[in-house]
file upload_26.cif (mmCIF, C-alpha atoms)
data_structure
#
loop_
_atom_site.group_PDB
_atom_site.id
_atom_site.type_symbol
_atom_site.label_atom_id
_atom_site.label_comp_id
_atom_site.auth_asym_id
_atom_site.auth_seq_id
_atom_site.Cartn_x
_atom_site.Cartn_y
_atom_site.Cartn_z
ATOM 1 C CA MET I 254 70.574 111.245 44.289
ATOM 2 C CA ARG I 255 71.847 114.747 43.754
ATOM 3 C CA GLN I 256 75.275 116.083 44.674
ATOM 4 C CA PRO I 257 75.506 116.818 48.413
ATOM 5 C CA TYR I 258 75.755 120.317 49.732
ATOM 6 C CA LEU I 259 78.809 121.288 51.732
ATOM 7 C CA LEU I 260 77.326 123.657 54.324
ATOM 8 C CA LEU I 261 80.073 125.773 55.807
ATOM 9 C CA ASP I 262 79.880 127.823 58.981
ATOM 10 C CA ILE I 263 82.333 130.637 59.742
ATOM 11 C CA ASP I 264 82.466 131.505 63.462
ATOM 12 C CA GLY I 265 84.245 128.709 65.292
ATOM 13 C CA VAL I 266 85.123 127.043 61.969
ATOM 14 C CA LEU I 267 87.026 129.548 59.823
ATOM 15 C CA ILE I 268 87.240 132.169 62.571
ATOM 16 C CA PRO I 269 88.210 130.371 65.782
ATOM 17 C CA PHE I 270 87.093 131.746 69.113
ATOM 18 C CA PRO I 271 89.946 132.989 71.314
ATOM 19 C CA ASP I 272 91.132 130.741 74.144
ATOM 20 C CA ASP I 273 90.489 131.772 77.738
ATOM 21 C CA ASP I 274 93.714 133.780 77.633
ATOM 22 C CA GLY I 275 92.526 135.641 74.495
ATOM 23 C CA THR I 276 94.861 133.950 72.009
ATOM 24 C CA THR I 277 93.938 132.583 68.609
ATOM 25 C CA PRO I 278 95.879 129.988 66.611
ATOM 26 C CA ALA I 279 99.252 131.271 65.327
ATOM 27 C CA THR I 280 98.176 130.132 61.839
ATOM 28 C CA HIS I 281 95.518 132.842 61.668
ATOM 29 C CA ILE I 282 95.954 136.434 60.496
ATOM 30 C CA ARG I 283 93.921 139.373 61.749
ATOM 31 C CA HIS I 284 91.613 141.259 59.375
ATOM 32 C CA ASP I 285 89.256 144.126 60.115
ATOM 33 C CA VAL I 286 85.976 143.812 58.229
ATOM 34 C CA VAL I 287 82.823 145.889 58.061
ATOM 35 C CA PRO I 288 79.765 143.609 58.087
ATOM 36 C CA THR I 289 76.395 144.788 56.827
ATOM 37 C CA GLY I 290 74.916 147.257 59.252
ATOM 38 C CA ARG I 291 78.278 148.313 60.700
ATOM 39 C CA SER I 292 80.154 151.537 60.102
ATOM 40 C CA VAL I 293 83.678 151.734 58.678
ATOM 41 C CA HIS I 294 84.432 153.437 61.990
ATOM 42 C CA ASP I 295 83.312 150.300 63.851
ATOM 43 C CA PRO I 296 84.908 147.316 62.064
ATOM 44 C CA VAL I 297 84.981 143.763 63.388
ATOM 45 C CA ALA I 298 88.334 142.080 63.981
ATOM 46 C CA ILE I 299 88.487 138.509 62.673
ATOM 47 C CA TRP I 300 91.293 135.965 62.366
ATOM 48 C CA LEU I 301 91.527 133.761 59.266
ATOM 49 C CA ASN I 302 93.968 131.051 58.265
ATOM 50 C CA PRO I 303 95.214 131.872 54.733
ATOM 51 C CA ASP I 304 95.678 128.129 54.105
ATOM 52 C CA HIS I 305 91.925 127.577 54.351
ATOM 53 C CA GLY I 306 91.228 129.153 50.961
ATOM 54 C CA PRO I 307 93.435 126.765 48.957
ATOM 55 C CA LEU I 308 92.288 123.790 51.053
ATOM 56 C CA LEU I 309 88.641 124.614 50.440
ATOM 57 C CA MET I 310 89.280 125.201 46.740
ATOM 58 C CA ASP I 311 90.809 121.720 46.517
ATOM 59 C CA VAL I 312 87.576 120.317 47.960
ATOM 60 C CA PHE I 313 85.407 122.413 45.630
ATOM 61 C CA ARG I 314 87.426 121.280 42.589
ATOM 62 C CA THR I 315 86.656 117.620 43.304
ATOM 63 C CA GLY I 316 83.147 118.343 42.061
ATOM 64 C CA LEU I 317 81.812 116.058 44.782
ATOM 65 C CA VAL I 318 80.006 118.774 46.748
ATOM 66 C CA SER I 319 78.080 121.950 46.161
ATOM 67 C CA PRO I 320 79.642 124.498 48.563
ATOM 68 C CA THR I 321 77.255 126.821 50.369
ATOM 69 C CA TRP I 322 77.726 129.218 53.269
ATOM 70 C CA CYS I 323 75.593 128.351 56.298
ATOM 71 C CA THR I 324 76.399 131.079 58.758
ATOM 72 C CA SER I 325 74.988 134.038 60.617
ATOM 73 C CA TRP I 326 77.342 136.096 58.403
ATOM 74 C CA ARG I 327 74.780 135.448 55.619
ATOM 75 C CA ARG I 328 75.640 137.421 52.446
ATOM 76 C CA ASP I 329 78.708 138.897 54.173
ATOM 77 C CA ALA I 330 80.240 135.422 54.007
ATOM 78 C CA ALA I 331 80.446 135.755 50.232
ATOM 79 C CA THR I 332 81.374 139.443 50.146
ATOM 80 C CA LEU I 333 83.761 139.733 53.115
ATOM 81 C CA ILE I 334 85.073 136.355 54.287
ATOM 82 C CA GLY I 335 85.294 134.440 51.002
ATOM 83 C CA PRO I 336 87.374 137.076 49.189
ATOM 84 C CA LEU I 337 89.874 137.243 52.071
ATOM 85 C CA LEU I 338 90.451 133.518 51.550
ATOM 86 C CA GLY I 339 90.530 133.729 47.747
ATOM 87 C CA LEU I 340 87.228 131.895 47.381
ATOM 88 C CA PRO I 341 84.777 132.499 44.549
ATOM 89 C CA PRO I 342 81.328 133.857 45.393
ATOM 90 C CA LEU I 343 79.319 131.062 46.976
ATOM 91 C CA PRO I 344 75.591 130.847 47.588
ATOM 92 C CA TYR I 345 74.400 131.026 51.165
ATOM 93 C CA VAL I 346 71.511 129.784 53.251
ATOM 94 C CA ASP I 347 69.566 132.960 54.007
ATOM 95 C CA LEU I 348 69.224 132.471 57.745
ATOM 96 C CA PRO I 349 67.036 134.835 59.761
ATOM 97 C CA ARG I 350 68.276 136.952 62.652
ATOM 98 C CA PRO I 351 66.427 135.300 65.525
ATOM 99 C CA GLU I 352 66.162 137.002 68.879
ATOM 100 C CA ILE I 353 67.794 134.304 70.981
ATOM 101 C CA THR I 354 70.229 134.293 73.873
ATOM 102 C CA THR I 355 71.682 130.842 73.215
ATOM 103 C CA SER I 356 72.706 128.875 70.140
ATOM 104 C CA HIS I 357 70.475 126.028 71.334
ATOM 105 C CA PRO I 358 67.096 127.530 72.299
ATOM 106 C CA ASN I 359 65.354 124.176 71.747
ATOM 107 C CA GLY I 360 68.271 121.969 72.769
ATOM 108 C CA TYR I 361 69.750 121.929 69.267
ATOM 109 C CA LEU I 362 71.522 124.381 66.953
ATOM 110 C CA TRP I 363 69.156 127.245 66.085
ATOM 111 C CA LYS I 364 70.054 127.026 62.373
ATOM 112 C CA ARG I 365 68.892 123.448 62.043
ATOM 113 C CA ASP I 366 65.176 124.024 61.390
ATOM 114 C CA TYR I 367 65.989 126.520 58.631
ATOM 115 C CA VAL I 368 68.634 124.254 57.140
ATOM 116 C CA ASP I 369 66.284 121.267 57.218
ATOM 117 C CA THR I 370 63.660 123.222 55.266
ATOM 118 C CA TRP I 371 66.260 124.634 52.865
ATOM 119 C CA LEU I 372 67.788 121.214 52.151
ATOM 120 C CA GLY I 373 64.539 119.373 51.586
ATOM 121 C CA ASP I 374 65.696 115.830 50.866
ATOM 122 C CA ALA I 375 69.120 116.849 49.503
ATOM 123 C CA PRO I 376 72.188 115.176 51.011
ATOM 124 C CA ALA I 377 74.561 117.381 52.960
ATOM 125 C CA VAL I 378 77.798 117.491 54.855
ATOM 126 C CA TRP I 379 77.559 120.322 57.372
ATOM 127 C CA ILE I 380 80.637 121.760 59.084
ATOM 128 C CA ASP I 381 79.755 123.740 62.199
ATOM 129 C CA ASP I 382 81.281 123.989 65.659
ATOM 130 C CA ASP I 383 78.011 124.172 67.596
ATOM 131 C CA PHE I 384 76.111 120.893 67.203
ATOM 132 C CA THR I 385 74.442 119.100 70.100
ATOM 133 C CA VAL I 386 73.489 115.460 70.546
ATOM 134 C CA LEU I 387 70.053 116.336 69.148
ATOM 135 C CA ASP I 388 71.669 117.622 65.949
ATOM 136 C CA HIS I 389 73.598 114.376 65.547
ATOM 137 C CA ASP I 390 70.348 112.442 66.117
ATOM 138 C CA TRP I 391 68.702 114.587 63.417
ATOM 139 C CA ALA I 392 71.530 113.750 60.975
ATOM 140 C CA THR I 393 71.129 110.051 61.713
ATOM 141 C CA GLU I 394 67.360 110.278 61.144
ATOM 142 C CA ARG I 395 67.818 112.188 57.848
ATOM 143 C CA THR I 396 70.286 109.580 56.655
ATOM 144 C CA ALA I 397 67.853 106.782 57.581
ATOM 145 C CA ARG I 398 65.242 108.570 55.408
ATOM 146 C CA SER I 399 67.631 108.487 52.395
ATOM 147 C CA SER I 400 68.871 112.053 52.852
ATOM 148 C CA ALA I 401 72.500 111.309 53.635
ATOM 149 C CA THR I 402 73.778 113.763 56.241
ATOM 150 C CA LEU I 403 77.191 114.088 57.848
ATOM 151 C CA LEU I 404 77.938 116.582 60.614
ATOM 152 C CA ILE I 405 81.555 117.610 61.173
ATOM 153 C CA GLN I 406 82.263 119.566 64.331
ATOM 154 C CA PRO I 407 85.616 121.342 64.656
ATOM 155 C CA ASP I 408 86.860 122.547 68.032
ATOM 156 C CA HIS I 409 85.743 126.191 68.155
ATOM 157 C CA HIS I 410 89.118 127.316 69.543
ATOM 158 C CA VAL I 411 91.063 125.597 66.751
ATOM 159 C CA GLY I 412 88.709 125.758 63.782
ATOM 160 C CA LEU I 413 88.738 123.868 60.507
ATOM 161 C CA GLN I 414 91.492 121.299 60.055
ATOM 162 C CA VAL I 415 92.713 119.328 57.047
ATOM 163 C CA GLU I 416 91.226 116.132 58.482
ATOM 164 C CA HIS I 417 87.745 117.694 58.556
ATOM 165 C CA LEU I 418 87.901 118.415 54.839
ATOM 166 C CA ALA I 419 89.370 114.978 54.124
ATOM 167 C CA GLN I 420 86.459 113.418 56.016
ATOM 168 C CA ALA I 421 83.971 115.445 53.963
ATOM 169 C CA VAL I 422 85.610 114.423 50.674
ATOM 170 C CA ARG I 423 85.745 110.714 51.646
ATOM 171 C CA TRP I 424 82.070 110.815 52.613
ATOM 172 C CA ALA I 425 81.044 112.594 49.396
ATOM 173 C CA ALA I 426 83.149 110.180 47.307
ATOM 174 C CA ARG I 427 81.379 107.213 48.904
ATOM 175 C CA LEU I 428 78.011 108.803 48.096
ATOM 176 C CA SER I 429 79.113 109.411 44.514
ATOM 177 C CA ALA I 430 80.327 105.825 44.157
ATOM 178 C CA ALA I 431 77.013 104.513 45.526
ATOM 179 C CA ARG I 432 75.107 106.708 43.021
ATOM 180 C CA THR I 433 77.225 105.414 40.157
ATOM 181 C CA ALA I 434 76.794 101.792 41.224
ATOM 182 C CA ALA I 435 73.004 102.117 41.530
#
call {"tool": "encode", "arguments": {"input": "upload_26.cif", "output": "structure tokens"}}
result
Amino acid sequence: MRQPYLLLDIDGVLIPFPDDDGTTPATHIRHDVVPTGRSVHDPVAIWLNPDHGPLLMDVFRTGLVSPTWCTSWRRDAATLIGPLLGLPPLPYVDLPRPEITTSHPNGYLWKRDYVDTWLGDAPAVWIDDDFTVLDHDWATERTARSSATLLIQPDHHVGLQVEHLAQAVRWAARLSAARTAA
């Protein structure tokens, strides 16, 4: 079994959505970025937690996962978001830009079909804030077919927490131990 991918979303994970009153976590710092297709005169305001970079680097250094962006930010994840957190360039799943009005046009996260094709039979831990019950069923079915899959779903108003990364590392360590024992 190959090393699992760590698929990492951005919106709702690294960039939390504001609460109903418009506030974001006090741990996050505002940045203005210019995504592909936008003008420097029309930047996007984002809020990032500077602690996330070192926390993610600790996970990457374990060597237990292969980190990959899995976000609608696509290449901008590696060129805009990653550098603000002190992360090295990471590969990304090249997701399309579907014309949808909901994240769940078929009752599950729109990214899932693309991710499933991209992963093939590779194991993966996927951190995203927008899974449905059908996504969790999909992960269970993949795991039953020997493609170990763990979904971690942060609260989209709070974002990524230390315990989410600890869960990913524990899971990947168990997979590694099972590979070594086999």
call {"tool": "closest_residue", "arguments": {"input": "upload_26.cif", "among": "I:Trp379, I:Ile282, I:Val293, I:Leu418", "to": "Leu403 of chain I", "atoms": "all atoms listed in the file"}}
result
I:Trp379
call {"tool": "resolve_selection", "arguments": {"input": "upload_26.cif", "expression": "the PyMOL selection byres ((chain I and resi 360) around 10)", "output": "PyMOL selection string"}}
result
chain I and resi 355-359+361-363+384-388
call {"tool": "write_last_selection", "arguments": {"input": "upload_26.cif", "atoms": "C-alpha atoms", "output": "short mmCIF file (atom, residue, chain, number, x, y, z; two decimals), in the coordinates of the input"}}
result
data_model
loop_
_atom_site.label_atom_id
_atom_site.label_comp_id
_atom_site.auth_asym_id
_atom_site.auth_seq_id
_atom_site.Cartn_x
_atom_site.Cartn_y
_atom_site.Cartn_z
CA THR I 355 71.68 130.84 73.22
CA SER I 356 72.71 128.88 70.14
CA HIS I 357 70.47 126.03 71.33
CA PRO I 358 67.10 127.53 72.30
CA ASN I 359 65.35 124.18 71.75
CA TYR I 361 69.75 121.93 69.27
CA LEU I 362 71.52 124.38 66.95
CA TRP I 363 69.16 127.24 66.08
CA PHE I 384 76.11 120.89 67.20
CA THR I 385 74.44 119.10 70.10
CA VAL I 386 73.49 115.46 70.55
CA LEU I 387 70.05 116.34 69.15
CA ASP I 388 71.67 117.62 65.95
#
call {"tool": "atom_distance", "arguments": {"input": "upload_26.cif", "atom1": "atom CA of Ala426 of chain I", "atom2": "atom CA of Leu343 of chain I"}}
result
21.2 Å
call {"tool": "atom_distance", "arguments": {"input": "upload_26.cif", "atom1": "atom CA of Arg395 of chain I", "atom2": "atom CA of Leu308 of chain I"}}
result
27.9 Å
call {"tool": "residues_around", "arguments": {"input": "upload_26.cif", "residues": "His281 of chain I", "least_positions_apart": "3", "cutoff": "12 Å", "atoms": "only C-alpha atoms", "output": "count of residues only"}}
result
24
call {"tool": "axis_aligned_box", "arguments": {"input": "upload_26.cif", "around": "segment 411-426 of chain I", "padding_each_side": "6 Å", "output": "JSON"}}
result
{"center_x": 86.9, "center_y": 118.0, "center_z": 57.0, "size_x": 23.7, "size_y": 27.6, "size_z": 31.4}
call {"tool": "closest_residue", "arguments": {"input": "upload_26.cif", "among": "I:Pro341, I:Gln256, I:Val422, I:Tyr367", "to": "Ser400 of chain I", "atoms": "only C-alpha atoms"}}
result
I:Gln256
call {"tool": "resolve_selection", "arguments": {"input": "upload_26.cif", "expression": "the PyMOL selection byres ((chain I and resi 377) around 6)", "output": "PyMOL selection string"}}
result
chain I and resi 257-259+376+378+402
call {"tool": "write_last_selection", "arguments": {"input": "upload_26.cif", "atoms": "C-alpha atoms", "output": "PDB file, in the frame of the given file"}}
result
ATOM      1  CA  PRO I 257      75.506 116.818  48.413  1.00  0.00           C
ATOM      2  CA  TYR I 258      75.755 120.317  49.732  1.00  0.00           C
ATOM      3  CA  LEU I 259      78.809 121.288  51.732  1.00  0.00           C
ATOM      4  CA  PRO I 376      72.188 115.176  51.011  1.00  0.00           C
ATOM      5  CA  VAL I 378      77.798 117.491  54.855  1.00  0.00           C
ATOM      6  CA  THR I 402      73.778 113.763  56.241  1.00  0.00           C
TER       7      THR I 402
END
call {"tool": "closest_residue", "arguments": {"input": "upload_26.cif", "among": "I:Leu317, I:Ile353, I:Leu309, I:Trp371", "to": "Gly339 of chain I", "atoms": "all atoms listed in the file"}}
result
I:Leu309
call {"tool": "closest_residue", "arguments": {"input": "upload_26.cif", "among": "I:Val312, I:Trp326, I:Ile380, I:Tyr345", "to": "Gly290 of chain I", "atoms": "all atoms listed in the file"}}
result
I:Trp326
call {"tool": "resolve_selection", "arguments": {"input": "upload_26.cif", "expression": "the PyMOL selection byres ((chain I and resi 374) around 9)", "output": "JSON, numbers by chain"}}
result
{"I": [369, 370, 372, 373, 375, 376, 395, 398, 399, 400, 401]}
call {"tool": "atom_distance", "arguments": {"input": "upload_26.cif", "atom1": "atom CA of Ser319 of chain I", "atom2": "atom CA of Asp408 of chain I"}}
result
23.6 Å
call {"tool": "closest_residue", "arguments": {"input": "upload_26.cif", "among": "I:Thr324, I:Gly335, I:Arg255, I:Pro307", "to": "Val286 of chain I", "atoms": "only C-alpha atoms"}}
result
I:Gly335
call {"tool": "decode", "arguments": {"input": "upload_26.cif", "residues": "segment 322-342 of chain I", "atoms": "N, CA, C and O atoms", "output": "JSON list (two decimals), in the first residue's frame"}}
result
[["chain", "number", "residue", "atom", "x", "y", "z"],
["I", 322, "TRP", "N", -3.08, 19.90, -2.13],
["I", 322, "TRP", "CA", -4.22, 20.80, -2.04],
["I", 322, "TRP", "C", -5.41, 20.18, -2.77],
["I", 322, "TRP", "O", -5.26, 19.61, -3.85],
["I", 323, "CYS", "N", -6.58, 20.30, -2.17],
["I", 323, "CYS", "CA", -7.82, 19.83, -2.79],
["I", 323, "CYS", "C", -8.86, 20.91, -2.54],
["I", 323, "CYS", "O", -9.66, 20.84, -1.61],
["I", 324, "THR", "N", -8.84, 21.92, -3.39],
["I", 324, "THR", "CA", -9.58, 23.13, -3.13],
["I", 324, "THR", "C", -9.95, 23.83, -4.42],
["I", 324, "THR", "O", -9.25, 23.70, -5.44],
["I", 325, "SER", "N", -11.01, 24.60, -4.37],
["I", 325, "SER", "CA", -11.39, 25.40, -5.54],
["I", 325, "SER", "C", -10.39, 26.53, -5.78],
["I", 325, "SER", "O", -10.45, 27.19, -6.81],
["I", 326, "TRP", "N", -9.43, 26.73, -4.85],
["I", 326, "TRP", "CA", -8.35, 27.69, -5.09],
["I", 326, "TRP", "C", -7.35, 27.16, -6.13],
["I", 326, "TRP", "O", -6.52, 27.90, -6.63],
["I", 327, "ARG", "N", -7.39, 25.86, -6.40],
["I", 327, "ARG", "CA", -6.53, 25.20, -7.37],
["I", 327, "ARG", "C", -5.06, 25.62, -7.23],
["I", 327, "ARG", "O", -4.52, 25.59, -6.16],
["I", 328, "ARG", "N", -4.45, 26.06, -8.32],
["I", 328, "ARG", "CA", -3.03, 26.45, -8.29],
["I", 328, "ARG", "C", -2.78, 27.60, -7.33],
["I", 328, "ARG", "O", -1.71, 27.73, -6.75],
["I", 329, "ASP", "N", -3.76, 28.48, -7.15],
["I", 329, "ASP", "CA", -3.59, 29.61, -6.23],
["I", 329, "ASP", "C", -3.33, 29.15, -4.79],
["I", 329, "ASP", "O", -2.78, 29.90, -3.99],
["I", 330, "ALA", "N", -3.73, 27.93, -4.48],
["I", 330, "ALA", "CA", -3.42, 27.40, -3.14],
["I", 330, "ALA", "C", -1.92, 27.38, -2.93],
["I", 330, "ALA", "O", -1.42, 27.77, -1.87],
["I", 331, "ALA", "N", -1.19, 26.93, -3.95],
["I", 331, "ALA", "CA", 0.26, 26.81, -3.84],
["I", 331, "ALA", "C", 0.97, 28.15, -4.01],
["I", 331, "ALA", "O", 2.04, 28.36, -3.43],
["I", 332, "THR", "N", 0.38, 29.06, -4.77],
["I", 332, "THR", "CA", 1.07, 30.32, -5.06],
["I", 332, "THR", "C", 0.65, 31.46, -4.14],
["I", 332, "THR", "O", 1.42, 32.40, -3.96],
["I", 333, "LEU", "N", -0.54, 31.40, -3.56],
["I", 333, "LEU", "CA", -1.02, 32.48, -2.70],
["I", 333, "LEU", "C", -1.16, 32.07, -1.23],
["I", 333, "LEU", "O", -0.65, 32.76, -0.35],
["I", 334, "ILE", "N", -1.86, 30.99, -0.98],
["I", 334, "ILE", "CA", -2.17, 30.59, 0.40],
["I", 334, "ILE", "C", -0.97, 29.94, 1.08],
["I", 334, "ILE", "O", -0.58, 30.33, 2.18],
["I", 335, "GLY", "N", -0.39, 28.95, 0.43],
["I", 335, "GLY", "CA", 0.77, 28.25, 1.01],
["I", 335, "GLY", "C", 1.88, 29.18, 1.45],
["I", 335, "GLY", "O", 2.35, 29.10, 2.59],
["I", 336, "PRO", "N", 2.34, 30.09, 0.59],
["I", 336, "PRO", "CA", 3.42, 31.00, 0.99],
["I", 336, "PRO", "C", 3.08, 31.88, 2.20],
["I", 336, "PRO", "O", 3.95, 32.17, 3.01],
["I", 337, "LEU", "N", 1.82, 32.28, 2.33],
["I", 337, "LEU", "CA", 1.43, 33.09, 3.49],
["I", 337, "LEU", "C", 1.56, 32.30, 4.79],
["I", 337, "LEU", "O", 1.71, 32.89, 5.86],
["I", 338, "LEU", "N", 1.50, 30.98, 4.67],
["I", 338, "LEU", "CA", 1.63, 30.12, 5.86],
["I", 338, "LEU", "C", 3.04, 29.54, 6.00],
["I", 338, "LEU", "O", 3.31, 28.77, 6.91],
["I", 339, "GLY", "N", 3.92, 29.88, 5.07],
["I", 339, "GLY", "CA", 5.29, 29.35, 5.12],
["I", 339, "GLY", "C", 5.39, 27.92, 4.64],
["I", 339, "GLY", "O", 6.32, 27.20, 5.01],
["I", 340, "LEU", "N", 4.45, 27.50, 3.80],
["I", 340, "LEU", "CA", 4.45, 26.13, 3.30],
["I", 340, "LEU", "C", 5.22, 26.05, 1.98],
["I", 340, "LEU", "O", 5.19, 26.99, 1.19],
["I", 341, "PRO", "N", 5.84, 24.90, 1.73],
["I", 341, "PRO", "CA", 6.50, 24.72, 0.44],
["I", 341, "PRO", "C", 5.44, 24.54, -0.65],
["I", 341, "PRO", "O", 4.27, 24.29, -0.35],
["I", 342, "PRO", "N", 5.84, 24.66, -1.90],
["I", 342, "PRO", "CA", 4.87, 24.40, -2.98],
["I", 342, "PRO", "C", 4.36, 22.97, -2.88],
["I", 342, "PRO", "O", 5.15, 22.04, -2.73]]
